[in-house]
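Q: Before I ask anything, here is the structure I am working with.
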Amino acid sequence: IAGHLASQGAKHLVLTSRRAPSDAVQQRIDALGERHGCTFRVVTADVADAHSVARLLATVAAELPPLAGIVHAAGQIGTTPLSSLDDSEVDRVFAGKVWGAWHLSEAAADLKLDFFISTSSIASVWGGFGQTAYGAANAFLDGLAWRQREQGIPGVSVNFGPWSAGMADAESRARLDQRGVRTLSPADALAGLADVVAASDGQGAAQGVVARMDWTRFLPLYQQAGRRAFLAELESELPDAVPTVVTPSAKTPLVERLTNAPVQQRKKLLTDYLRDTVADVTRVDVAEIREDAGFFDLGMDSLMAVE
């Protein structure tokens, strides 16, 4: 994001983190500065601490040109199921993302900013397994952007889908892809960011989603868990892609097989079918699936269960 701002003509950029950059990261920062003729300054600060944020903005005000905008990109991903969520995990996820956004917003309330951008997530739009705290933290960013608009501050929250670089491991990306959630290249993500910010200028929306979705794959899975009115327009644009829910009276191939099989064979047929299906969804070897194992014990999550 810093590189994108520099490429768009920003001449002074302040990067902040709780830790100083590594030598490799510092070299990348220096290279960006030379390439775009931009002065980068790295300041160590913890945005989750109000005093640290106050010192940061005081330093910027004293030593640099007037602050034109803020991009709040801090955050920790959380993948703890709701049943295992405790206060310490909520605090960890909320620290940088929620408190950081709040402290920055409050400290900069009297500044004449051109923009206040928060990098949010699709987790606050339609959720995700194990992302209760993470989704809530991002929902705070979304709400904050709307509140800022009411106060005359040009806030915007960008709900990103997963990036191909650094935001998900290979297994997570494969699982998301199977559900129709594609990864964004950094170039596509930044182009989407620019579009959302441009569209939000003036009286536009304070929030926008930037994601690569295969709706023909995602919608059938998502809508089976409960119909969502805010996706109705997308559903109407894909009349042939979203299948009609099978009624109880309809006979599927499995029902036909069970009906035609001898009674004593039906349990085995059904068990074999379930074992093969669970193996396919969870990508667990079929030989490792015990007959008495619970689906969630095998690594299945809620979206897998719907699938």
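Lettering and numbering for the structure tokens are positional, with chains as A, B, ... in the shown order, residues counted from 1 in each chain, and ligands counted from 1 in the shown order.
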Contacts of Gln203 (chain A) at 12 Å or less, counting only C-alpha atoms, minus same-chain residues fewer than 6 places along, as a list in words?

A: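 The residues that qualify are Trp146, Arg149, Glu150, Gly152, Ile153, Pro154, Gly155, Val156 and Val197 of chain A.
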
Q: I want to know what sits within 7 Å of Ala68 (chain A), based on only C-alpha atoms, with residues of the same chain fewer than 2 positions away left out; could you give that as a PyMOL selection string?

A: chain A and resi 66+113-114

Q: Residues as selected, C-alpha atoms, written as a compact mmCIF listing (two decimals), in the first residue's frame, can you do that?

A:
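This is the output file selection-v8.txt:
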# COMPACT_ATOMS: atom_id res chain seq x y z
CA PRO A 66 0.84 18.58 7.37
CA LEU A 113 -7.46 14.78 6.33
CA ASP A 114 -8.00 13.87 2.70

Q: Give the answer as one residue: which of A:Val209, A:Ile117, A:Ala194, A:Ala61 has the shortest atom-to-atom distance to Gly161 (chain A), using only C-alpha atoms?

A: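 Smallest separation from Gly161 (chain A) among the options: A:Val209.
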
Q: Have a look at A:Asp87, A:Pro81, A:Asp49, A:Gly208 and name the one nearest to Ser121 (chain A); count only C-alpha atoms.

A: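 Closest to Ser121 (chain A), using only C-alpha atoms: A:Gly208.
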
Q: Neighbours of His12 (chain A) within 8 Å (only C-alpha atoms; same-chain residues fewer than 3 positions away dropped), as JSON, numbers by chain?

A: {"A": [38, 39, 40, 41, 64, 65]}

Q: Can you tell me which residues surround Ala305 (chain A) at a distance of at most 12 Å, considering only C-alpha atoms, apart from same-chain residues fewer than 2 positions away, and format the answer as a CSV table (one decimal) with C-alpha atoms, in the first residue's frame?

A:
chain,number,residue,atom,x,y,z
A,129,PHE,CA,-15.0,-20.4,10.3
A,179,ARG,CA,-15.6,-22.6,-2.0
A,221,LEU,CA,-23.0,-23.1,-0.4
A,222,TYR,CA,-23.6,-19.9,1.4
A,224,GLN,CA,-27.9,-23.2,2.1
A,225,ALA,CA,-26.8,-21.9,5.5
A,274,LEU,CA,-20.7,-40.6,3.8
A,277,THR,CA,-18.0,-37.5,0.7
A,278,VAL,CA,-16.4,-36.4,4.0
A,280,ASP,CA,-13.5,-35.4,-0.5
A,281,VAL,CA,-14.6,-32.3,1.5
A,282,THR,CA,-12.0,-32.5,4.2
A,294,GLY,CA,-17.5,-37.0,14.6
A,295,PHE,CA,-17.3,-34.8,11.5
A,296,PHE,CA,-15.7,-31.9,13.4
A,298,LEU,CA,-12.0,-35.0,11.4
A,299,GLY,CA,-11.3,-31.3,10.8
A,300,MET,CA,-14.6,-30.3,9.3
A,301,ASP,CA,-15.7,-26.7,9.8
A,302,SER,CA,-19.1,-25.1,9.4
A,303,LEU,CA,-18.8,-24.2,5.7
A,307,GLU,CA,-20.7,-28.3,1.5

Q: Please return as a PyMOL selection string: the residues of region 33-218 of chain A that backbone DSSP assigns to strand (DSSP E or B).

A: chain A and resi 39-44+69-72+80+115-121+131+155-160+163+181-182+184+207-210+212-213

Q: Can I get the selected residues back with N, CA and C atoms, as a compact mmCIF listing (two decimals), in the first residue's frame?

A:
# COMPACT_ATOMS: atom_id res chain seq x y z
N THR A 39 10.10 10.27 0.26
CA THR A 39 10.82 10.13 1.53
C THR A 39 10.01 9.26 2.48
N PHE A 40 10.58 8.12 2.85
CA PHE A 40 9.94 7.23 3.82
C PHE A 40 10.56 7.45 5.19
N ARG A 41 9.72 7.51 6.19
CA ARG A 41 10.21 7.59 7.56
C ARG A 41 9.54 6.48 8.37
N VAL A 42 10.34 5.71 9.07
CA VAL A 42 9.83 4.61 9.88
C VAL A 42 9.85 5.02 11.34
N VAL A 43 8.70 4.96 12.00
CA VAL A 43 8.58 5.33 13.41
C VAL A 43 8.03 4.13 14.18
N THR A 44 8.73 3.73 15.22
CA THR A 44 8.26 2.62 16.05
C THR A 44 7.18 3.13 17.01
N GLY A 69 -3.31 12.14 5.16
CA GLY A 69 -4.18 10.97 5.25
C GLY A 69 -3.58 9.88 6.11
N ILE A 70 -4.44 8.95 6.51
CA ILE A 70 -4.03 7.82 7.35
C ILE A 70 -4.54 6.53 6.72
N VAL A 71 -3.67 5.53 6.66
CA VAL A 71 -4.07 4.18 6.26
C VAL A 71 -3.83 3.28 7.46
N HIS A 72 -4.91 2.75 8.01
CA HIS A 72 -4.80 1.86 9.17
C HIS A 72 -4.82 0.42 8.69
N THR A 80 -9.81 -18.82 15.94
CA THR A 80 -10.25 -19.61 17.08
C THR A 80 -11.77 -19.80 17.04
N PHE A 115 -8.13 11.61 3.59
CA PHE A 115 -8.67 10.25 3.69
C PHE A 115 -8.24 9.61 5.00
N PHE A 116 -9.07 8.69 5.46
CA PHE A 116 -8.73 7.80 6.59
C PHE A 116 -9.20 6.41 6.14
N ILE A 117 -8.25 5.61 5.66
CA ILE A 117 -8.57 4.30 5.09
C ILE A 117 -8.29 3.20 6.11
N SER A 118 -9.25 2.33 6.34
CA SER A 118 -9.05 1.16 7.19
C SER A 118 -9.12 -0.09 6.33
N THR A 119 -8.13 -0.97 6.47
CA THR A 119 -8.15 -2.22 5.71
C THR A 119 -8.92 -3.27 6.51
N SER A 120 -10.14 -3.51 6.08
CA SER A 120 -11.03 -4.47 6.73
C SER A 120 -10.99 -5.79 5.96
N SER A 121 -11.98 -6.64 6.19
CA SER A 121 -11.97 -7.99 5.62
C SER A 121 -13.38 -8.44 5.27
N GLN A 131 -13.49 -17.21 12.81
CA GLN A 131 -13.14 -15.79 12.71
C GLN A 131 -14.15 -14.90 13.43
N GLY A 155 -13.68 8.98 6.00
CA GLY A 155 -13.31 7.60 6.33
C GLY A 155 -13.84 6.61 5.31
N VAL A 156 -13.09 5.56 5.08
CA VAL A 156 -13.53 4.48 4.19
C VAL A 156 -12.94 3.17 4.69
N SER A 157 -13.74 2.13 4.69
CA SER A 157 -13.31 0.80 5.11
C SER A 157 -13.36 -0.12 3.90
N VAL A 158 -12.23 -0.79 3.62
CA VAL A 158 -12.14 -1.66 2.45
C VAL A 158 -12.11 -3.11 2.92
N ASN A 159 -13.16 -3.86 2.58
CA ASN A 159 -13.28 -5.27 2.98
C ASN A 159 -12.58 -6.15 1.96
N PHE A 160 -11.31 -6.46 2.24
CA PHE A 160 -10.53 -7.26 1.31
C PHE A 160 -10.83 -8.75 1.45
N TRP A 163 -5.46 -12.07 0.16
CA TRP A 163 -4.42 -11.72 -0.80
C TRP A 163 -3.59 -12.97 -1.10
N VAL A 181 -13.89 -18.71 -3.24
CA VAL A 181 -13.21 -17.49 -2.81
C VAL A 181 -11.79 -17.52 -3.36
N ARG A 182 -11.53 -16.72 -4.38
CA ARG A 182 -10.21 -16.69 -5.02
C ARG A 182 -9.31 -15.67 -4.32
N LEU A 184 -6.56 -12.59 -4.18
CA LEU A 184 -6.28 -11.37 -4.92
C LEU A 184 -4.78 -11.19 -5.09
N GLN A 207 -17.88 2.20 2.69
CA GLN A 207 -17.40 0.82 2.80
C GLN A 207 -17.54 0.13 1.46
N GLY A 208 -16.56 -0.72 1.11
CA GLY A 208 -16.64 -1.45 -0.14
C GLY A 208 -15.86 -2.75 -0.07
N VAL A 209 -16.35 -3.77 -0.78
CA VAL A 209 -15.71 -5.08 -0.81
C VAL A 209 -14.79 -5.18 -2.02
N VAL A 210 -13.58 -5.67 -1.80
CA VAL A 210 -12.64 -5.96 -2.89
C VAL A 210 -12.29 -7.44 -2.77
N ARG A 212 -12.18 -11.46 -5.12
CA ARG A 212 -12.38 -12.26 -6.33
C ARG A 212 -13.24 -13.46 -5.95
N MET A 213 -14.47 -13.49 -6.47
CA MET A 213 -15.41 -14.52 -6.08
C MET A 213 -15.93 -15.29 -7.28

Q: So what do you get for CA of Asp177 (chain A) versus CA of Arg217 (chain A), distance-wise?

A: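 Between CA of Asp177 (chain A) and CA of Arg217 (chain A) the gap works out to 9.5 Å.
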
Q: What lies within 10 Å of Gln76 (chain A) using only C-alpha atoms, ignoring chain neighbours under 3 positions off, as JSON, numbers by chain?

A: {"A": [79, 92, 93, 94, 95, 96, 97, 134, 137]}

Q: Rank nothing, just name the residue among A:Ser164, A:Asn138, A:Ser236, A:Thr216 nearest to Pro186 (chain A), using only C-alpha atoms.

A: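 Result for the nearest residue to Pro186 (chain A): A:Ser164.
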